[in-house]
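Visitor: Here you go, query_20.txt (compact mmCIF, C-alpha atoms and all ligand atoms):
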# COMPACT_ATOMS: atom_id res chain seq x y z
CA MET A 14 90.01 89.72 97.19
CA ALA A 15 93.41 91.39 96.82
CA LEU A 16 97.06 90.37 96.49
CA LYS A 17 99.75 91.20 99.01
CA ILE A 18 103.41 91.09 97.93
CA LEU A 19 105.45 89.46 100.70
CA GLY A 20 108.82 89.43 98.95
CA THR A 21 110.53 89.90 95.61
CA GLY A 22 113.72 88.66 93.99
CA SER A 23 115.55 88.79 90.69
CA ALA A 24 118.52 87.22 88.94
CA LEU A 25 120.53 88.21 85.90
CA PRO A 26 123.27 86.28 84.10
CA GLU A 27 126.79 87.38 84.97
CA LYS A 28 127.85 88.33 81.43
CA ILE A 29 127.19 91.95 80.47
CA VAL A 30 127.18 92.71 76.76
CA THR A 31 127.33 96.39 75.79
CA ASN A 32 126.08 97.99 72.59
CA ASP A 33 129.70 98.37 71.48
CA ASP A 34 130.22 94.64 72.05
CA LEU A 35 127.22 93.93 69.80
CA ALA A 36 128.61 96.20 67.11
CA GLN A 37 131.36 93.56 66.77
CA VAL A 38 128.71 90.90 66.03
CA VAL A 39 126.15 92.66 63.78
CA ASP A 40 126.06 95.86 61.71
CA THR A 41 124.89 98.24 64.45
CA SER A 42 126.19 101.00 66.71
CA ASP A 43 125.84 102.22 70.27
CA GLU A 44 124.39 105.45 68.87
CA TRP A 45 121.60 103.65 66.96
CA ILE A 46 120.59 101.32 69.80
CA ARG A 47 120.75 104.01 72.48
CA SER A 48 118.82 106.65 70.51
CA ARG A 49 116.12 104.28 69.19
CA THR A 50 115.59 102.25 72.37
CA GLY A 51 117.44 103.68 75.39
CA ILE A 52 119.24 100.34 75.84
CA GLU A 53 122.96 100.52 76.71
CA ALA A 54 123.71 96.91 77.74
CA ARG A 55 122.06 93.61 78.53
CA HIS A 56 122.93 90.48 80.53
CA LEU A 57 123.22 87.38 78.35
CA SER A 58 123.43 83.76 79.41
CA THR A 59 126.74 82.00 78.99
CA GLY A 60 125.18 78.84 80.39
CA GLU A 61 122.66 79.99 82.99
CA THR A 62 119.28 78.42 82.24
CA THR A 63 115.76 79.80 82.58
CA THR A 64 115.23 77.41 85.49
CA GLU A 65 118.46 78.42 87.26
CA LEU A 66 117.66 82.13 86.98
CA SER A 67 114.09 81.45 88.20
CA VAL A 68 115.38 79.47 91.18
CA ARG A 69 117.86 82.21 92.13
CA ALA A 70 115.13 84.87 91.94
CA SER A 71 112.68 82.67 93.88
CA ARG A 72 115.15 81.98 96.70
CA LEU A 73 115.71 85.71 97.13
CA ALA A 74 111.95 86.35 97.15
CA LEU A 75 111.38 83.58 99.72
CA GLU A 76 114.18 84.97 101.87
CA MET A 77 112.72 88.48 101.78
CA ALA A 78 109.22 87.17 102.50
CA GLY A 79 110.58 85.08 105.38
CA VAL A 80 108.46 82.08 104.41
CA ASP A 81 109.30 78.42 103.76
CA ALA A 82 108.93 76.96 100.29
CA GLU A 83 106.57 74.28 101.70
CA THR A 84 104.00 77.01 102.41
CA ILE A 85 103.68 77.88 98.70
CA ASP A 86 100.44 76.55 97.16
CA LEU A 87 100.93 77.71 93.60
CA ILE A 88 103.92 78.34 91.30
CA ILE A 89 103.36 80.03 87.95
CA VAL A 90 106.19 80.84 85.55
CA GLY A 91 105.58 83.21 82.65
CA THR A 92 108.13 82.36 79.97
CA VAL A 93 108.50 82.01 76.21
CA SER A 94 112.01 80.56 76.49
CA PRO A 95 111.82 77.51 78.78
CA ASP A 96 114.72 75.06 78.94
CA THR A 97 112.44 72.13 78.17
CA TYR A 98 109.08 71.69 76.47
CA PHE A 99 108.27 69.52 79.43
CA PRO A 100 108.45 69.37 82.35
CA SER A 101 107.43 73.01 82.84
CA THR A 102 109.90 75.51 84.28
CA ALA A 103 107.52 75.89 87.24
CA CYS A 104 107.79 72.16 88.04
CA CYS A 105 111.60 72.38 87.80
CA VAL A 106 111.57 75.36 90.19
CA GLN A 107 109.25 73.47 92.53
CA ALA A 108 111.72 70.59 92.72
CA ALA A 109 114.74 72.88 93.20
CA ILE A 110 113.28 74.92 96.05
CA GLY A 111 111.36 72.07 97.68
CA ALA A 112 107.89 73.58 97.33
CA VAL A 113 106.39 70.13 97.74
CA ASN A 114 102.83 71.36 98.37
CA ALA A 115 102.54 73.59 95.31
CA VAL A 116 100.67 73.19 92.04
CA ALA A 117 103.10 74.31 89.35
CA PHE A 118 102.70 75.26 85.69
CA ASP A 119 103.96 77.67 83.04
CA ILE A 120 102.02 80.19 80.97
CA ASN A 121 102.92 81.67 77.61
CA ALA A 122 101.75 85.28 77.48
CA ALA A 123 105.16 86.68 76.48
CA CYS A 124 105.89 90.09 77.98
CA SER A 125 102.52 90.09 79.79
CA GLY A 126 103.32 86.73 81.45
CA PHE A 127 104.00 88.01 84.98
CA MET A 128 100.79 90.06 84.98
CA PHE A 129 98.73 87.17 83.62
CA GLY A 130 100.28 84.95 86.32
CA MET A 131 99.29 87.40 89.06
CA GLU A 132 95.70 87.41 87.77
CA ILE A 133 95.60 83.59 87.76
CA ALA A 134 96.84 83.63 91.37
CA ALA A 135 94.08 86.13 92.25
CA SER A 136 91.53 83.72 90.76
CA TYR A 137 92.90 80.78 92.77
CA PHE A 138 92.81 82.98 95.88
CA SER A 139 89.19 84.03 95.21
CA LYS A 140 88.14 80.40 94.84
CA GLY A 141 90.02 79.45 97.98
CA SER A 142 92.24 76.95 96.10
CA ALA A 143 95.45 78.70 97.16
CA LYS A 144 96.58 81.24 99.73
CA ARG A 145 100.20 81.85 98.84
CA ALA A 146 101.82 81.85 95.40
CA LEU A 147 105.20 82.26 93.77
CA ILE A 148 104.87 84.16 90.48
CA ILE A 149 107.90 84.28 88.21
CA GLY A 150 108.71 85.93 84.88
CA ALA A 151 111.86 84.40 83.38
CA GLU A 152 113.60 84.30 80.03
CA VAL A 153 116.73 83.22 78.27
CA LEU A 154 115.72 85.02 75.10
CA SER A 155 119.23 84.77 73.67
CA ARG A 156 118.18 81.17 72.93
CA VAL A 157 115.48 82.28 70.47
CA MET A 158 117.23 85.23 68.80
CA ASP A 159 118.58 85.32 65.27
CA TRP A 160 122.09 86.60 66.00
CA THR A 161 122.43 87.79 62.40
CA ASP A 162 119.31 90.01 62.62
CA ARG A 163 120.30 93.42 63.99
CA GLY A 164 116.63 94.43 64.10
CA THR A 165 115.93 92.05 66.99
CA CYS A 166 119.07 90.65 68.63
CA VAL A 167 120.17 94.02 70.04
CA LEU A 168 116.88 94.55 71.88
CA PHE A 169 116.59 91.62 74.24
CA GLY A 170 118.26 90.31 77.39
CA ASP A 171 118.07 87.37 79.80
CA GLY A 172 116.94 87.27 83.43
CA ALA A 173 114.25 86.36 85.94
CA GLY A 174 112.10 88.12 88.51
CA ALA A 175 109.91 86.57 91.19
CA ALA A 176 107.32 87.62 93.75
CA ILE A 177 105.75 85.80 96.68
CA VAL A 178 102.13 86.90 96.87
CA GLU A 179 99.44 86.13 99.38
CA SER A 180 95.68 86.41 99.40
CA ARG A 181 94.23 89.20 101.52
CA GLU A 182 90.72 90.51 102.10
CA ASP A 183 91.47 94.22 102.17
CA GLY A 184 93.71 96.13 99.76
CA LEU A 185 93.58 96.51 96.03
CA TRP A 186 93.91 94.34 92.94
CA GLU A 187 92.34 95.42 89.66
CA LEU A 188 93.57 94.13 86.34
CA VAL A 189 92.60 94.78 82.74
CA GLN A 190 93.96 92.37 80.16
CA GLY A 191 93.50 91.49 76.52
CA SER A 192 94.77 89.53 73.54
CA ASP A 193 94.72 90.10 69.78
CA GLY A 194 95.75 86.86 68.12
CA ALA A 195 94.99 88.27 64.67
CA LYS A 196 98.13 90.41 65.01
CA GLY A 197 100.29 87.54 66.25
CA GLU A 198 102.59 87.58 63.22
CA ALA A 199 103.98 90.95 64.37
CA LEU A 200 106.18 89.17 66.92
CA ILE A 201 106.75 85.50 66.30
CA CYS A 202 109.18 82.65 66.90
CA LYS A 203 108.32 79.30 65.35
CA ASN A 204 108.70 75.98 67.09
CA ARG A 205 111.43 73.50 66.29
CA PRO A 206 110.99 71.83 62.90
CA ILE A 207 109.22 68.52 62.52
CA GLN A 208 111.61 65.91 61.23
CA ASN A 209 110.17 62.46 60.69
CA PRO A 210 109.79 60.08 57.74
CA TYR A 211 106.16 61.17 57.17
CA TYR A 212 106.60 64.94 57.14
CA LYS A 213 107.07 66.21 53.60
CA GLU A 214 107.98 69.89 54.06
CA ALA A 215 111.65 70.81 54.29
CA ASP A 216 111.40 72.60 57.64
CA LYS A 217 114.24 74.55 59.19
CA VAL A 218 115.03 76.00 62.62
CA ASP A 219 113.51 79.45 63.01
CA TYR A 220 114.15 82.35 65.38
CA THR A 221 112.41 85.55 66.50
CA HIS A 222 110.92 87.91 63.90
CA MET A 223 109.40 91.25 64.78
CA ASP A 224 107.59 94.01 62.91
CA GLY A 225 108.98 96.61 65.29
CA GLN A 226 106.86 99.51 64.11
CA ALA A 227 103.61 97.50 64.35
CA VAL A 228 104.45 96.44 67.91
CA PHE A 229 105.48 100.00 68.78
CA LYS A 230 102.14 101.41 67.54
CA PHE A 231 100.19 98.69 69.34
CA ALA A 232 102.02 99.42 72.59
CA VAL A 233 101.56 103.19 72.63
CA ARG A 234 97.87 102.86 71.78
CA THR A 235 96.88 99.89 73.97
CA VAL A 236 98.96 100.29 77.13
CA PRO A 237 97.78 103.75 78.26
CA ALA A 238 94.15 102.79 77.52
CA ALA A 239 94.46 99.58 79.59
CA ILE A 240 96.15 101.44 82.45
CA LYS A 241 93.42 104.09 82.44
CA GLN A 242 90.73 101.39 82.53
CA ALA A 243 92.44 99.57 85.41
CA MET A 244 92.80 102.84 87.34
CA GLU A 245 89.13 103.67 86.76
CA LYS A 246 88.11 100.22 88.02
CA ALA A 247 90.28 100.73 91.09
CA GLY A 248 89.07 104.30 91.68
CA VAL A 249 92.67 105.51 91.55
CA GLU A 250 93.97 108.69 89.90
CA ASP A 251 97.45 109.65 88.74
CA GLY A 252 98.03 111.64 91.94
CA ASP A 253 97.46 108.46 94.01
CA VAL A 254 100.02 106.38 92.07
CA LYS A 255 103.52 106.11 93.50
CA TYR A 256 105.07 104.36 90.50
CA TYR A 257 104.14 103.00 87.10
CA LEU A 258 106.17 99.84 86.54
CA LEU A 259 106.01 99.26 82.79
CA HIS A 260 107.37 96.51 80.59
CA GLN A 261 110.89 97.55 79.61
CA ALA A 262 110.91 97.37 75.81
CA ASN A 263 111.83 100.84 74.63
CA ILE A 264 112.34 104.17 76.42
CA ARG A 265 110.36 105.91 73.67
CA ILE A 266 107.33 103.70 74.41
CA ILE A 267 107.63 104.48 78.13
CA GLU A 268 107.92 108.22 77.42
CA SER A 269 104.88 108.11 75.19
CA VAL A 270 102.82 106.19 77.77
CA ALA A 271 103.97 108.61 80.48
CA LYS A 272 102.88 111.58 78.40
CA ARG A 273 99.45 110.11 77.70
CA LEU A 274 98.89 109.23 81.36
CA THR A 275 100.33 112.21 83.16
CA GLY A 276 100.33 114.87 80.42
CA GLY A 277 103.95 115.74 81.25
CA ASP A 278 107.42 114.79 80.08
CA SER A 279 108.68 113.68 83.48
CA LEU A 280 109.64 110.04 83.91
CA GLU A 281 109.95 110.41 87.69
CA LYS A 282 107.08 108.00 88.31
CA PHE A 283 108.27 105.60 85.59
CA PRO A 284 111.42 103.86 86.82
CA THR A 285 113.46 102.09 84.15
CA ILE A 286 116.03 99.32 84.05
CA LEU A 287 116.08 98.75 80.30
CA GLN A 288 119.31 100.75 80.00
CA LYS A 289 121.21 97.94 81.76
CA CYS A 290 118.98 94.94 80.98
CA GLY A 291 117.30 95.39 77.59
CA ASN A 292 113.91 93.79 77.05
CA ILE A 293 113.53 90.61 79.13
CA SER A 294 109.94 89.88 78.04
CA ALA A 295 108.12 88.21 80.98
CA GLY A 296 111.08 89.03 83.24
CA SER A 297 110.92 92.80 82.77
CA VAL A 298 108.10 93.75 85.15
CA PRO A 299 109.06 91.49 88.10
CA ILE A 300 112.75 92.45 87.80
CA LEU A 301 111.76 96.13 87.81
CA LEU A 302 109.45 95.49 90.78
CA ASP A 303 112.30 93.85 92.67
CA TYR A 304 114.65 96.69 91.76
CA ALA A 305 112.18 99.31 93.08
CA ASN A 306 111.56 97.25 96.20
CA ARG A 307 115.25 96.70 97.02
CA GLU A 308 116.09 100.33 96.31
CA GLY A 309 113.61 101.22 99.10
CA MET A 310 111.35 103.08 96.67
CA LEU A 311 108.19 101.27 97.86
CA SER A 312 106.46 101.43 101.23
CA GLU A 313 103.52 99.46 102.53
CA GLY A 314 100.25 100.88 101.21
CA ASP A 315 101.81 102.58 98.16
CA LYS A 316 99.61 102.27 95.09
CA ILE A 317 101.48 100.98 92.07
CA VAL A 318 100.55 100.31 88.47
CA MET A 319 102.18 97.47 86.55
CA ALA A 320 101.75 96.87 82.83
CA GLY A 321 103.01 94.36 80.30
CA PHE A 322 102.53 94.00 76.54
CA GLY A 323 104.00 91.90 73.80
CA ALA A 324 103.77 88.78 71.68
CA GLY A 325 100.38 87.20 71.17
CA LEU A 326 99.61 90.02 70.98
CA THR A 327 98.81 90.28 74.69
CA TRP A 328 98.59 93.08 77.23
CA ALA A 329 97.72 93.62 80.87
CA ALA A 330 97.62 96.51 83.31
CA ALA A 331 97.11 96.18 87.04
CA VAL A 332 96.67 98.49 90.00
CA MET A 333 97.61 97.21 93.42
CA GLU A 334 98.61 98.30 96.90
CA PHE A 335 102.13 97.37 97.83
O1 LIG B 1 108.57 93.11 74.24
C1 LIG B 1 108.06 93.05 72.96
C2 LIG B 1 107.64 94.36 72.53
N1 LIG B 1 108.54 94.87 71.53
C3 LIG B 1 108.60 96.17 71.36
O2 LIG B 1 107.98 96.92 72.08
C4 LIG B 1 109.38 96.71 70.20
C5 LIG B 1 108.68 97.91 69.64
N2 LIG B 1 109.39 98.50 68.51
C6 LIG B 1 110.52 99.22 68.69
O3 LIG B 1 110.98 99.40 69.81
C7 LIG B 1 111.15 99.87 67.48
O4 LIG B 1 110.28 99.71 66.38
C8 LIG B 1 112.55 99.28 67.14
C9 LIG B 1 113.55 99.72 68.19
C10 LIG B 1 112.48 97.77 67.09
C11 LIG B 1 113.03 99.80 65.78
O5 LIG B 1 113.04 101.22 65.79
P1 LIG B 1 112.43 102.01 64.54
O6 LIG B 1 112.62 103.43 64.82
O7 LIG B 1 111.02 101.50 64.35
O8 LIG B 1 113.40 101.57 63.37
P2 LIG B 1 113.04 100.80 62.01
O9 LIG B 1 112.70 99.38 62.26
O10 LIG B 1 112.07 101.62 61.23
O11 LIG B 1 114.42 100.84 61.26
C12 LIG B 1 115.00 102.08 60.84
C13 LIG B 1 116.32 101.78 60.19
C14 LIG B 1 116.24 100.72 59.10
O12 LIG B 1 117.12 101.10 58.06
P3 LIG B 1 116.58 101.82 56.73
O13 LIG B 1 115.60 100.86 56.15
O14 LIG B 1 115.94 103.09 57.20
O15 LIG B 1 117.82 102.02 55.93
C15 LIG B 1 116.78 99.49 59.76
O16 LIG B 1 117.36 98.58 58.83
O17 LIG B 1 117.26 101.29 61.14
C16 LIG B 1 117.83 100.08 60.66
N3 LIG B 1 118.14 99.23 61.82
C17 LIG B 1 119.31 99.31 62.46
N4 LIG B 1 120.41 100.04 62.27
C18 LIG B 1 121.43 99.89 63.13
C19 LIG B 1 117.35 98.31 62.42
N5 LIG B 1 117.98 97.77 63.45
C20 LIG B 1 119.21 98.36 63.51
C21 LIG B 1 120.32 98.24 64.37
N6 LIG B 1 121.40 99.00 64.15
N7 LIG B 1 120.33 97.39 65.41
Just give me the structure as structure tokens.
Ligand code: UT7
Guide:
Amino acid sequence: MALKILGTGSALPEKIVTNDDLAQVVDTSDEWIRSRTGIEARHLSTGETTTELSVRASRLALEMAGVDAETIDLIIVGTVSPDTYFPSTACCVQAAIGAVNAVAFDINAACSGFMFGMEIAASYFSKGSAKRALIIGAEVLSRVMDWTDRGTCVLFGDGAGAAIVESREDGLWELVQGSDGAKGEALICKNRPIQNPYYKEADKVDYTHMDGQAVFKFAVRTVPAAIKQAMEKAGVEDGDVKYYLLHQANIRIIESVAKRLTGGDSLEKFPTILQKCGNISAGSVPILLDYANREGMLSEGDKIVMAGFGAGLTWAAAVMEF
């Protein structure tokens, strides 16, 4: 059982915030952000919600696929920054696009969310419970940032990416995934505080904390190994791969992964959008996929690798035929 991508879409908030803009808000500089991460700017919400961005991306994906929303059996949204605890973002998207026949739910696998969603769709397809799915990765991370912490707030952006995928008998879909909850503290954002007459602790609102170096080391060790495993399972070698679409966290991580996989310094097969978007967690991979697709970089039958990693800790690497 394999997955076929019928269409992709993405949406970013209108407001672009450059590194120089951020230097007005926290003690940072364009030079520091650019040299440590490769990021030059990011789109930040001035009111756009996770649901709105998801709906915009989904409509574009549906339009490209040329299918009606009623034909979608399954909607999965990977997000760690939903607008509401409940209903799920996926249910809100379902209502907005009129996908009345879909089962809809969210998953929290952070930056691996889109990949985990694709694997869940593959399982539904294998069981015959669904034939066509809408998989979304969407974030308004600016909601969960500490805007006084220069170590995190400069890294992230907001946006959504979506793909319409269908079950197919031939083709390729191999995924390797994993989780390491014992290292979860390395990237964490606590829930809203409990405030009731029975709760004794003086709780306060909390935002994102990250041990950047721990996450960096985890990424450069785990991601190439997972990609290699997925490629072995798929019987695919570097020469067969058109593009590696990696989670967009840091250009230095992408360079390191590229070196370990291809032995060279060239990033030709590793397209990037982090320069303009920053790290959009679950949104990164599907937005990059849509970018590559709309730029005409992908043709039917091309073999692509996608990989996500992040909070949990979680990771996933997949090989598929476009
Ligand atoms: O999608 C989730 C996955 N997340 C990631 O993949 C993130 C992985 N980690 C990273 O990308 C890098 O670790 C960072 C970009 C987050 C940080 O880069 P680093 O080279 O590990 O820097 P550092 O944390 O060791 O900080 C070096 C210095 C510190 O100052 P001192 O202690 O050397 O005086 C920081 O206080 O840089 C300082 N610093 C900053 N300076 C200017 C930290 N953030 C900033 C900033 N502007 N924004």
Visitor: For A:Ser279, work out the shell of residues within 10 Å, counting all atoms listed in the file and skipping chain neighbours fewer than 5 positions away, then give it as a PyMOL selection string.
Guide: chain A and resi 268+271-272
Visitor: Dump the neighbourhood of ligand LIG 1 (chain B) as a PDB file with C-alpha atoms, keeping the file's coordinate frame: all residues within 7 Å, distances computed on all atoms listed in the file.
Guide:
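The result, stored in part-v4.pdb:
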ATOM      1  CA  ASP A  40     126.060  95.860  61.710  1.00  0.00           C
ATOM      2  CA  THR A  41     124.890  98.240  64.450  1.00  0.00           C
ATOM      3  CA  SER A  42     126.190 101.000  66.710  1.00  0.00           C
ATOM      4  CA  TRP A  45     121.600 103.650  66.960  1.00  0.00           C
ATOM      5  CA  ILE A  46     120.590 101.320  69.800  1.00  0.00           C
ATOM      6  CA  ARG A  49     116.120 104.280  69.190  1.00  0.00           C
ATOM      7  CA  THR A  50     115.590 102.250  72.370  1.00  0.00           C
ATOM      8  CA  CYS A 124     105.890  90.090  77.980  1.00  0.00           C
ATOM      9  CA  ARG A 163     120.300  93.420  63.990  1.00  0.00           C
ATOM     10  CA  GLY A 164     116.630  94.430  64.100  1.00  0.00           C
ATOM     11  CA  THR A 165     115.930  92.050  66.990  1.00  0.00           C
ATOM     12  CA  VAL A 167     120.170  94.020  70.040  1.00  0.00           C
ATOM     13  CA  GLY A 225     108.980  96.610  65.290  1.00  0.00           C
ATOM     14  CA  GLN A 226     106.860  99.510  64.110  1.00  0.00           C
ATOM     15  CA  VAL A 228     104.450  96.440  67.910  1.00  0.00           C
ATOM     16  CA  PHE A 229     105.480 100.000  68.780  1.00  0.00           C
ATOM     17  CA  ALA A 232     102.020  99.420  72.590  1.00  0.00           C
ATOM     18  CA  ALA A 262     110.910  97.370  75.810  1.00  0.00           C
ATOM     19  CA  ASN A 263     111.830 100.840  74.630  1.00  0.00           C
ATOM     20  CA  ASN A 292     113.910  93.790  77.050  1.00  0.00           C
ATOM     21  CA  SER A 294     109.940  89.880  78.040  1.00  0.00           C
ATOM     22  CA  PHE A 322     102.530  94.000  76.540  1.00  0.00           C
ATOM     23  CA  GLY A 323     104.000  91.900  73.800  1.00  0.00           C
ATOM     24  CA  ALA A 324     103.770  88.780  71.680  1.00  0.00           C
TER      25      ALA A 324
END
Visitor: What lies within 8 Å of A:Val254 using only C-alpha atoms, ignoring chain neighbours under 4 positions off, as an mmCIF file with C-alpha atoms, in the coordinates of the input?
Guide:
data_model
loop_
_atom_site.group_PDB
_atom_site.id
_atom_site.type_symbol
_atom_site.label_atom_id
_atom_site.label_comp_id
_atom_site.auth_asym_id
_atom_site.auth_seq_id
_atom_site.Cartn_x
_atom_site.Cartn_y
_atom_site.Cartn_z
ATOM 1 C CA VAL A 249 92.670 105.510 91.550
ATOM 2 C CA GLU A 250 93.970 108.690 89.900
ATOM 3 C CA ASP A 315 101.810 102.580 98.160
ATOM 4 C CA LYS A 316 99.610 102.270 95.090
ATOM 5 C CA ILE A 317 101.480 100.980 92.070
ATOM 6 C CA VAL A 318 100.550 100.310 88.470
#
Visitor: In terms of the shortest atom-to-atom distance over all atoms listed in the file, which of A:Phe129, A:Phe99, A:Phe283, A:Phe231 is closest to A:Ala330?
Guide: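 Counting all atoms listed in the file, the residue closest to A:Ala330 is A:Phe129.
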Visitor: Could you jot down the atom CA of A:Lys241 to atom CA of A:Phe138 separation for me, Å, one decimal place?
Guide: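 Atom CA of A:Phe138 lies at a distance of 25.0 Å from atom CA of A:Lys241.
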Visitor: How about completing stretch 237-245 of chain A with all heavy atoms and giving it to me as a PDB file, keeping the file's coordinate frame?
Guide:
ATOM      1  N   PRO A 237      98.392 102.691  77.450  1.00  0.00           N
ATOM      2  CA  PRO A 237      97.780 103.750  78.260  1.00  0.00           C
ATOM      3  C   PRO A 237      96.277 103.533  78.455  1.00  0.00           C
ATOM      4  O   PRO A 237      95.745 103.784  79.537  1.00  0.00           O
ATOM      5  CB  PRO A 237      98.029 105.032  77.458  1.00  0.00           C
ATOM      6  CG  PRO A 237      98.997 104.681  76.410  1.00  0.00           C
ATOM      7  CD  PRO A 237      99.002 103.220  76.218  1.00  0.00           C
ATOM      8  N   ALA A 238      95.602 103.024  77.407  1.00  0.00           N
ATOM      9  CA  ALA A 238      94.150 102.790  77.520  1.00  0.00           C
ATOM     10  C   ALA A 238      93.877 101.735  78.593  1.00  0.00           C
ATOM     11  O   ALA A 238      92.972 101.889  79.422  1.00  0.00           O
ATOM     12  CB  ALA A 238      93.592 102.351  76.172  1.00  0.00           C
ATOM     13  N   ALA A 239      94.669 100.650  78.595  1.00  0.00           N
ATOM     14  CA  ALA A 239      94.460  99.580  79.590  1.00  0.00           C
ATOM     15  C   ALA A 239      94.759 100.091  80.996  1.00  0.00           C
ATOM     16  O   ALA A 239      94.037  99.775  81.949  1.00  0.00           O
ATOM     17  CB  ALA A 239      95.365  98.384  79.252  1.00  0.00           C
ATOM     18  N   ILE A 240      95.810 100.898  81.116  1.00  0.00           N
ATOM     19  CA  ILE A 240      96.150 101.440  82.450  1.00  0.00           C
ATOM     20  C   ILE A 240      95.014 102.347  82.940  1.00  0.00           C
ATOM     21  O   ILE A 240      94.582 102.260  84.094  1.00  0.00           O
ATOM     22  CB  ILE A 240      97.493 102.208  82.408  1.00  0.00           C
ATOM     23  CG1 ILE A 240      98.652 101.223  82.177  1.00  0.00           C
ATOM     24  CG2 ILE A 240      97.709 102.990  83.707  1.00  0.00           C
ATOM     25  CD1 ILE A 240     100.014 101.870  82.033  1.00  0.00           C
ATOM     26  N   LYS A 241      94.520 103.195  82.043  1.00  0.00           N
ATOM     27  CA  LYS A 241      93.420 104.090  82.440  1.00  0.00           C
ATOM     28  C   LYS A 241      92.200 103.299  82.901  1.00  0.00           C
ATOM     29  O   LYS A 241      91.589 103.615  83.912  1.00  0.00           O
ATOM     30  CB  LYS A 241      93.032 105.004  81.264  1.00  0.00           C
ATOM     31  CG  LYS A 241      93.938 106.208  81.152  1.00  0.00           C
ATOM     32  CD  LYS A 241      93.479 107.126  80.035  1.00  0.00           C
ATOM     33  CE  LYS A 241      94.495 108.234  79.804  1.00  0.00           C
ATOM     34  NZ  LYS A 241      94.391 108.890  78.541  1.00  0.00           N
ATOM     35  N   GLN A 242      91.886 102.233  82.153  1.00  0.00           N
ATOM     36  CA  GLN A 242      90.730 101.390  82.530  1.00  0.00           C
ATOM     37  C   GLN A 242      90.939 100.759  83.906  1.00  0.00           C
ATOM     38  O   GLN A 242      90.039 100.726  84.734  1.00  0.00           O
ATOM     39  CB  GLN A 242      90.555 100.267  81.521  1.00  0.00           C
ATOM     40  CG  GLN A 242      89.763 100.639  80.293  1.00  0.00           C
ATOM     41  CD  GLN A 242      89.726  99.452  79.325  1.00  0.00           C
ATOM     42  OE1 GLN A 242      89.558  98.312  79.727  1.00  0.00           O
ATOM     43  NE2 GLN A 242      89.914  99.731  78.060  1.00  0.00           N
ATOM     44  N   ALA A 243      92.155 100.230  84.128  1.00  0.00           N
ATOM     45  CA  ALA A 243      92.440  99.570  85.410  1.00  0.00           C
ATOM     46  C   ALA A 243      92.353 100.587  86.548  1.00  0.00           C
ATOM     47  O   ALA A 243      91.831 100.290  87.633  1.00  0.00           O
ATOM     48  CB  ALA A 243      93.833  98.924  85.373  1.00  0.00           C
ATOM     49  N   MET A 244      92.856 101.805  86.292  1.00  0.00           N
ATOM     50  CA  MET A 244      92.800 102.840  87.340  1.00  0.00           C
ATOM     51  C   MET A 244      91.367 103.255  87.628  1.00  0.00           C
ATOM     52  O   MET A 244      90.989 103.471  88.773  1.00  0.00           O
ATOM     53  CB  MET A 244      93.670 104.046  86.926  1.00  0.00           C
ATOM     54  CG  MET A 244      95.163 103.738  87.058  1.00  0.00           C
ATOM     55  SD  MET A 244      96.249 104.981  86.319  1.00  0.00           S
ATOM     56  CE  MET A 244      95.910 106.416  87.309  1.00  0.00           C
ATOM     57  N   GLU A 245      90.553 103.336  86.572  1.00  0.00           N
ATOM     58  CA  GLU A 245      89.130 103.670  86.760  1.00  0.00           C
ATOM     59  C   GLU A 245      88.444 102.601  87.610  1.00  0.00           C
ATOM     60  O   GLU A 245      87.719 102.904  88.549  1.00  0.00           O
ATOM     61  CB  GLU A 245      88.440 103.770  85.406  1.00  0.00           C
ATOM     62  CG  GLU A 245      88.340 105.207  84.908  1.00  0.00           C
ATOM     63  CD  GLU A 245      87.884 105.252  83.459  1.00  0.00           C
ATOM     64  OE1 GLU A 245      86.953 104.486  83.087  1.00  0.00           O
ATOM     65  OE2 GLU A 245      88.492 106.031  82.720  1.00  0.00           O
TER      66      GLU A 245
END
